[in-house]
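Peer 1: Have a look at the structure that comes next, please.
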Amino acid sequence: CASTVEELPILYKPEIRQGTLFDEADVDELRAGMTRRQVRFVLGPPTIDDPFTDDRWDYVYEVEPRSADVEAVSRRLTLTFDANGLATARGDFVDADHPLAGTAR
Amino acid sequence: CGGPSLIKAEDPPALETPPGEPAVTEHWSVSLGAATPPGYRLEPALMDERVFAAGADGTVAAYDAASGERRWRQDLDVAITGAVGVGETGVAVGTANAEVVLLDPDSGAVKWRQRVSSEVLAPPAVGQGSVVVRTGDGGVFALEADTGEQRWLYRSGVPALSLRGHGSPVLVNGGVVVGFDNGRLAALELGNGDVAWEASVAVPEGRSDLERMVDLDADPAVAGGDVFAGAYQGRVAGIALANGQIAWTREVSVLGGISVDDSNVYVTDERGRLWAFDRRNGASVWRLDALEGLSLTAPRRYRDGLIVAGSDGYLNWIGRRDGALEARYAFDNSRLSVAPRVDGERIVVLDRRGQLRSISVNQQ
Amino acid sequence: FTIEDIRIRGLDRIAEGTVLNYLPLEAGDELTPARTSDAVEALFDTGFFDDVSLLRDGDTLIVEVDERPAIARIEFIGNSQIDSERLREGLSGAGLGEGQSFDRPLLARIERELEQQYFALGYYDVDIESTVSPLPRNRVSLRVDVEEGEPASVQGIRFIGNRAFDVDRLRGVFEMGPKAWWAVLSQRDKYSRERLSGDLQRLRAFYRDRGYADFSIESTQVTISTDRERINITVNLDEGQQYTVGDIELAGDLIYPRETLRDLIAIDSGAIYNQRNITRSVEAIQEKLGERGYAFARVNPVPELREADRVVDLTLFVDPAERVYVRRIRISGNESTRDDVIRGELTQYEGTWLSTRDLRNSESRLGRLGFFSDVSISTPRVPGTTDQVDVEVDATERLSGSLRAGVGFGSDQGLLLNLGVQQDNLFGTGDRVEFVANSDDADTVYRLSYLERNHTMSGIDRRYALSFRDRDADEADLADYGVKTTRASYGYRIPVSGSDRLGADVTFEDVALEFSDPTEFQKDFQARNGKSNRAILTDLSWTRDTRNTAIFPSSGARQRLGLAVALPQVSDIEYYRFSYEQSRYLALNEQFTLVLDGTLSYGNAYGEGERLPFYENFFAGGIRTVRGYEANSLGPRDENNDPTGGNLRALGRAEIRFPLAQDEDGNNLRFATFIDAGQVWDRERDNLRDKSDISFSGLRYSAGLGLVYYSPIGPFTVSIAEPINDKGNDDTQRFQFTIGASF
Amino acid sequence: CAGNTQTSNRLDNTEAAALYEAASEAAGRNDWQTAISELESLQAQYPFGLYATQAQLDIIHAYYQAGEVASTVAAAERFRRINPRHRAVPYSWYMQGLALEEKNRGPVKDWVGINDVLRDPVPRRQAFAAYTTLVEDYPDSEYTDMARGRLDVLYAEGAEFQLSVARFYADRDAWVAAARRAITVIEAFEGTAAVKPATDLLGTAYQRLGLDALADGVRTAQRETDRDAGDRIPDTPTLYEEETMEVPPAPTSDGPSGGSGGMGGPMGGGL
């Protein structure tokens, strides 16, 4: 009957924070042609550097809150690079008119 | 002059041929009422027929040199650690909480008290309108004799570890000669404290702080145009007073004190031996080893010989020509802790329990 | 010329093979001047030879060596302060050990080295001479004579220029100083330069914490007496003025809103300038920044002295540096504990920013597991990056299991035969299994319990326990009746916060009584309830544990609130037992820890007119509750003067614990001075002789000395206690101890 | 004894030989403690000469059999320091690796079948480094292929350890951490048995994180590896099969090859 107990709201699950925290200000600073080092200085280290796809960095930021005063957060940002540096950006805080708003989903 | 006081009383060394007791008459003996514990230089001083003495608890008193009758007594209720400096303007003592006090020689009234930078562990030098004081932190203060105001301050470096206590400055005409803990001797202008010359009597060497100690704790002896100074674990040196040139040096670890007469320089060393050197070229004349093992005070000239007090509490008479131990004399059961003072035919002695005596040796 | 063959001359003990091994030349090589010098140098480096020369005989290279004698024996005479073993290590460390080749200049250097070791201990009067005597077969024996002399001791410390504080107060700040006559063992009077600079540092802090912002030490003189035994220290200081704090500014990139950081500042303007509070505020702000990933944040306080009105304005410059992310968490040192058991306790995850708060409470959670004697977490930077670190968790495991078997003697229980297997960290899974078979004159207990940790991912633990207990009360100096209790319980421990846990267990209990010479009360009880009683109890408990470690904690507290209720209908007697326990730990300084325990237990029946079954009564007295009194002897007594226990119990204990030995065993042994208090009351019984009213005067007190030692075979406790206000009929027992009993 | 010039040297050898005999005999009956103390006293009294070198070598083996890991490593290092170019140096590296691997294992654990991989990885990394030095510096010594075998096992164990940590984070829905650890397995441990499950885990993690493009990428990559791996299905080695570690006899040290003839025949066989 442990599983039933597990659903009890009172059960304490430590707040889980994952990935690299980036916010709108950081994304606005991104410009085409930036080197990987510059991108890293602005956003922090890439959360996922997929072994099977090259020239692509994925930033993920997730917060599963435990206490009331923290709200859930889930952000995604995908950057692709080409020969001369940063090419496209897709995900949160990248609205249509962002210089890097790439085409391919 | 004087050397560091005698620390512990050892039993007297076994002498092969114990010399006879001299016929001594005690002119007067009076209690200062204040002990003089080891570790402090509280030497009695003489000035125009009066004996001035100070005790560790702050007592200062003056007695008539002939009768021993007390002229005045003053209680400064502060620990006195360096006394007694006498001069025409007053009687000066140094205290443990870094103060110099000048008293009126006639009434004992306090003329002024002046703060200095650290504790004063040796008698101040009084004369030529000034009071010159050496302090534990390597400082030399010249104070105006009448007001006590600081005229100038000279600072020397202090090694990491130095011997307990320090020497007294010696006044010469227009200047003062001071030995420091770093093995250097300096002559300073009395007027403005400029350095006339500096001589390095001994150079610290060795690996540990202990081996590198070269304190000039024995007061330098000035006679004629020469200054004789000696360093602990170092050398004794004959130096020209005019320009600080070192005439000669001899390897001796000087501790007790230095005294000089027209032909020789007499030095007591760390191991309790008394050396005599020719004052012109430092050639050794004789050496008395009989008192080895004791710690000896500075030698004093008395009649045509020398007297020295040892940490066994005996007063020793020594021949100047041959360094022979001629006679020894012990007071009832009290120990000497400070160098005796010679007043013509008489010897003034202050023992550890504060008993002041004036004695003299009957002519054979 | 090309070398046809190599011959070696002058070898005494060293084998040719070894020499050839080092010689960078072989038959057939071309011999050039450069190579000869290399060869000679190579042979010299071995340290075996005093002299090496190469000769030519036709095409054969002749290596002429003059072998250094080997050291056969090294003796130390006269050394008591430093034992020969350490001296020998010092020598062989520097290349002069037994079996190594002897080298005279090295010996002189070694003598200096040994002298330095003695100077460091304050033995300035030491004198070391070594004599070398030859032995057959080109070997030598080395004799080192050490004359230690007396250690220099500090006779007096004098302060010049202290107006605000008197000399004794300042001497108190110093650790070094003249030794009081009674402090025979103390090292207080040992002089060393490091201790002096440490003391001067303490003096600066002492003044800076009391407002003397520009306090300075002008000079210090250390003087030694001619016989090198007495040292005097004179400190010339300039106190300066006492300052108050002006306005306090926060500058730089604050990350948090200004107010959150401002109320972390432990010093407010107008107060006396206090360096320690400023440092505390700086650390608090750096901590706060650390919680948001700025692990390398720096806050530097810049004071400006306004001398005229003696005020210091303070600006705290906050520089968060970069937010730092965790690349990987590496756990090491866990020889038997599984990696996930440790990783499960860490609230810091990989791939997210580093939070110093998470690291701190991960460290204390690991400490509370009780499996480790030491846990250290470090965050080295990932090479080549400025924004990534690895978290290294190095745990040193403790013998967390204990096999207790054999005969013991408990002052409370008499002869104790027990076999107990308890493994806290079963096969490294973190689960705890315990099998105990105890028998002494009063009790025979068999207990099997299993705690499965992290039964579910979310950290719920499951536990079951089965126990059978046959208690002959008479032997335990209680009323003479026998109780056979069997219990089986099953339940969970549910974490509800970082340090709070809820416990929910269901226990089936079967109690069989037999009376040999029942008292009135027992006859009446048996009439009403018969000899055997069954009950099903639910046991709810709430525990909050903020201790920093399980073994001898020095901070935090552990509280437990428990309520066990015998469920109606299914239990013969409907009763409940409530208990609240709390132990609080405060570290007075690195050695001394103050422990405050308190327990309150109350039980009663809620059924019609019943009372708490007498065999469920609470007892007090004995080594676990109130030391100095016989086991279970406190509280009301029945007609033949046997203690009956009661349904209300109050216990209190104040203890100061300190380790005695500093060696590696030091951290599982503690001495303690304590004061115990406790009493048991029975509100319900009417026919008791002395109707006990609940009052503080009823409490019994005792004070004494105790020792707790976690030996490899289990905990071992001894206590000597003096009852303070024992009344006539209390049975006191000054000396009590237990071996291998589990807590 | 052959060829030594000084007579006193000959006197040494008989006493040293006696000590050495005692040590070999004790080792013969697996009484390692006595063997160790004999060898230690042999080295102390006759620090030079061929017996000393042989003793330094045999003591490595004795410490290993006695289960004293730290002493084995120290003895191996000391042997290499004193005899830098000795024929038995590869042997000392191999024994050092074996001892370090033993650090976490033990009879009780084997009996109970504790999967030792989940324990302290540090000794295993040190063992890996020892074997690597052996394989790289002494490519043709007779211990090299044995060391290569150990390297593969350690490599597989290392991969499995990373995989277990990835699974740990997956169980707790910490998908970012799980994905990163899975990537470590894929990139740093290719060719090990753990790569396949790690790739599956990575795919699941991407899905749970909503990175569908990456999830598809993983699936396509997997199909390719399955296709060309189709023909030679490797017999999937069980993740951790009980390996019987053969312990090679200590080689007799007859001095460096070019020497002027060492002690002659081997000392009563290896230990």
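Just remember, in the structure tokens the first chain shown is A, the second B, etc., residues are 1-based per chain, and ligands are 1-based in the order shown.
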Identify all residues of region 458-543 of chain C in strand (DSSP E) (DSSP on the backbone) and supply them as a ChimeraX atom specification.
Peer 2: /C:461-472,481-495,500-515,532-543
Peer 1: I want to know what sits within 6 Å of Leu296 (chain B), based on only C-alpha atoms, with residues of the same chain fewer than 6 positions away left out; could you give that as a PyMOL selection string?
Peer 2: chain B and resi 256+272+309-310
Peer 1: What's the separation between CA of Thr53 (chain D) and CA of Pro134 (chain C), in Å to one decimal place?
Peer 2: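 A separation of 25.8 Å between them.
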Peer 1: Should the cut-off be 12 Å, what would the residue list for chain D against chain A look like, counting only C-alpha atoms, as a PyMOL selection string?
Peer 2: chain D and resi 169+172-188+190+199+202-203+205-206+208-222+224
Peer 1: Just the number, please: distance in Å from CA of Ser156 (chain B) to CA of Gly183 (chain B), one decimal.
Peer 2: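 These two atoms are separated by 10.7 Å.
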Peer 1: In Å, with one decimal, what is the gap from CA of Pro33 (chain C) to CA of Arg81 (chain D)?
Peer 2: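 These atoms are spaced 27.3 Å apart.
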Peer 1: Mind checking which residues fall within 8 Å of region 188-199 of chain C, counting only C-alpha atoms, ignoring those fewer than 2 positions away in the same chain, and posting them as a PyMOL selection string?
Peer 2: chain C and resi 120-122+151-155+173-179+186+201-203+231
Peer 1: Selection from above, N, CA, C and O atoms, as a compact mmCIF listing (two decimals), in the first residue's frame, can you write it?
Peer 2:
```
# COMPACT_ATOMS: atom_id res chain seq x y z
N ALA C 120 61.38 24.07 17.93
CA ALA C 120 59.94 24.29 17.70
C ALA C 120 59.16 23.95 18.96
O ALA C 120 58.12 24.53 19.26
N LEU C 121 59.69 22.98 19.77
CA LEU C 121 58.95 22.60 20.99
C LEU C 121 59.37 23.51 22.15
O LEU C 121 58.98 23.28 23.28
N GLY C 122 60.25 24.49 21.85
CA GLY C 122 60.63 25.40 22.94
C GLY C 122 61.85 24.92 23.70
O GLY C 122 62.22 25.50 24.72
N PRO C 151 62.88 23.05 28.82
CA PRO C 151 62.17 23.86 27.82
C PRO C 151 62.06 25.30 28.33
O PRO C 151 61.93 25.53 29.54
N ALA C 152 62.18 26.23 27.39
CA ALA C 152 62.03 27.65 27.81
C ALA C 152 60.56 27.89 28.08
O ALA C 152 59.70 27.45 27.30
N SER C 153 60.26 28.47 29.22
CA SER C 153 58.83 28.69 29.50
C SER C 153 58.59 30.19 29.64
O SER C 153 59.48 30.94 30.08
N VAL C 154 57.39 30.57 29.22
CA VAL C 154 57.06 32.01 29.22
C VAL C 154 56.80 32.43 30.67
O VAL C 154 55.93 31.88 31.34
N GLN C 155 57.56 33.39 31.15
CA GLN C 155 57.42 33.83 32.55
C GLN C 155 56.40 34.95 32.66
O GLN C 155 55.60 34.96 33.59
N VAL C 173 43.27 36.94 26.78
CA VAL C 173 43.08 36.75 25.33
C VAL C 173 44.19 35.85 24.78
O VAL C 173 43.98 35.08 23.84
N PHE C 174 45.35 35.92 25.45
CA PHE C 174 46.49 35.14 24.95
C PHE C 174 46.31 33.67 25.33
O PHE C 174 45.88 33.36 26.45
N GLU C 175 46.69 32.79 24.38
CA GLU C 175 46.68 31.36 24.74
C GLU C 175 47.99 31.03 25.45
O GLU C 175 48.08 30.13 26.26
N MET C 176 49.02 31.75 25.07
CA MET C 176 50.35 31.47 25.64
C MET C 176 50.51 32.38 26.86
O MET C 176 49.99 33.50 26.89
N GLY C 177 51.21 31.89 27.85
CA GLY C 177 51.42 32.77 29.01
C GLY C 177 51.94 31.94 30.17
O GLY C 177 52.13 30.73 30.03
N PRO C 178 52.23 32.61 31.27
CA PRO C 178 52.76 31.87 32.43
C PRO C 178 51.75 30.82 32.88
O PRO C 178 50.54 31.01 32.74
N LYS C 179 52.29 29.70 33.38
CA LYS C 179 51.42 28.55 33.69
C LYS C 179 50.95 28.70 35.14
O LYS C 179 51.74 28.99 36.02
N SER C 186 49.48 21.55 31.57
CA SER C 186 49.19 22.47 30.46
C SER C 186 50.45 22.88 29.73
O SER C 186 51.54 22.97 30.32
N GLN C 201 47.29 37.82 16.70
CA GLN C 201 46.11 37.86 15.82
C GLN C 201 44.84 37.92 16.68
O GLN C 201 43.93 38.73 16.44
N ARG C 202 44.85 37.09 17.75
CA ARG C 202 43.67 37.07 18.62
C ARG C 202 43.49 38.43 19.28
O ARG C 202 42.39 38.94 19.41
N LEU C 203 44.64 39.07 19.64
CA LEU C 203 44.57 40.38 20.31
C LEU C 203 43.95 41.41 19.36
O LEU C 203 43.06 42.18 19.73
N ILE C 231 61.28 33.13 29.45
CA ILE C 231 61.04 34.05 28.33
C ILE C 231 60.05 35.12 28.80
O ILE C 231 59.08 34.81 29.48
```
Peer 1: Excluding region 23-31 of chain A and residues on its chain fewer than 3 positions from it, collect all residues at most 12 Å away from it, counting only C-alpha atoms, and give them as a VMD selection string.
Peer 2: chain A and resid 20 34 to 36 38 to 44 59 to 61 73 to 79 81 84 to 95 97 to 101
Peer 1: Got a sec to tell me which of region 66-186 of chain C DSSP assigns to helix (DSSP H, G or I), as a VMD selection string?
Peer 2: chain C and resid 84 to 93 104 to 120 167 to 173
Peer 1: Write out as a tab-separated table a residue-level contact list of chain B versus chain C with cut-off 8 Å: for each qualifying residue the closest pair of atoms and the distance in Å to one decimal, counting only C-alpha atoms, rows sorted by chain and residue number upward.
Peer 2:
```
residue	atom	partner	partner_atom	distance
B:Asn97	CA	C:Ile160	CA	6.2
B:Ala98	CA	C:Ile160	CA	6.9
B:Ser117	CA	C:Asn236	CA	7.3
B:Ser118	CA	C:Ile160	CA	6.2
B:Glu119	CA	C:Ile160	CA	7.5
B:Gly136	CA	C:Gln221	CA	7.3
B:Asp137	CA	C:Gln221	CA	6.3
B:Val158	CA	C:Gln221	CA	7.3
B:Ala160	CA	C:Val222	CA	6.7
B:Leu161	CA	C:Val222	CA	5.2
B:Ser162	CA	C:Thr223	CA	4.7
B:Leu163	CA	C:Thr223	CA	5.0
B:Arg164	CA	C:Thr223	CA	4.6
B:Gly165	CA	C:Thr223	CA	7.6
B:Ser208	CA	C:Gln116	CA	7.6
B:Leu210	CA	C:Tyr124	CA	7.1
```
Peer 1: Could you pull the residues within 7 Å of Ala240 (chain B), counting only C-alpha atoms, minus those fewer than 5 positions along the same chain, as a list of chain:residue names?
Peer 2: B:Gly225, B:Asp226, B:Val227, B:Gln245, B:Ile246, B:Ala247
Peer 1: Which residues of chain C sit at most 7 Å from chain A, using only C-alpha atoms? Give each one's shortest atom pair and distance in Å (one decimal place), in chain and ascending residue order, as a Markdown table.
Peer 2:
```
| residue | atom | partner | partner_atom | distance |
| --- | --- | --- | --- | --- |
| C:Thr347 | CA | A:Pro14 | CA | 7.0 |
| C:Gly351 | CA | A:Gly19 | CA | 5.4 |
| C:Thr352 | CA | A:Gly19 | CA | 4.7 |
| C:Trp353 | CA | A:Thr20 | CA | 6.9 |
| C:Asp387 | CA | A:Gly44 | CA | 6.9 |
| C:Ser458 | CA | A:Lys13 | CA | 6.3 |
| C:Ile494 | CA | A:Leu11 | CA | 6.7 |
| C:Pro495 | CA | A:Tyr12 | CA | 5.4 |
| C:Val496 | CA | A:Tyr12 | CA | 4.1 |
| C:Ser497 | CA | A:Tyr12 | CA | 5.0 |
```
Peer 1: Please provide the set of residues having any atom within 10 Å of Glu25 (chain D), restricted to only C-alpha atoms, with same-chain residues fewer than 3 positions apart removed, written as a VMD selection string.
Peer 2: chain D and resid 19 to 22 28 to 31 34 to 35 268 271
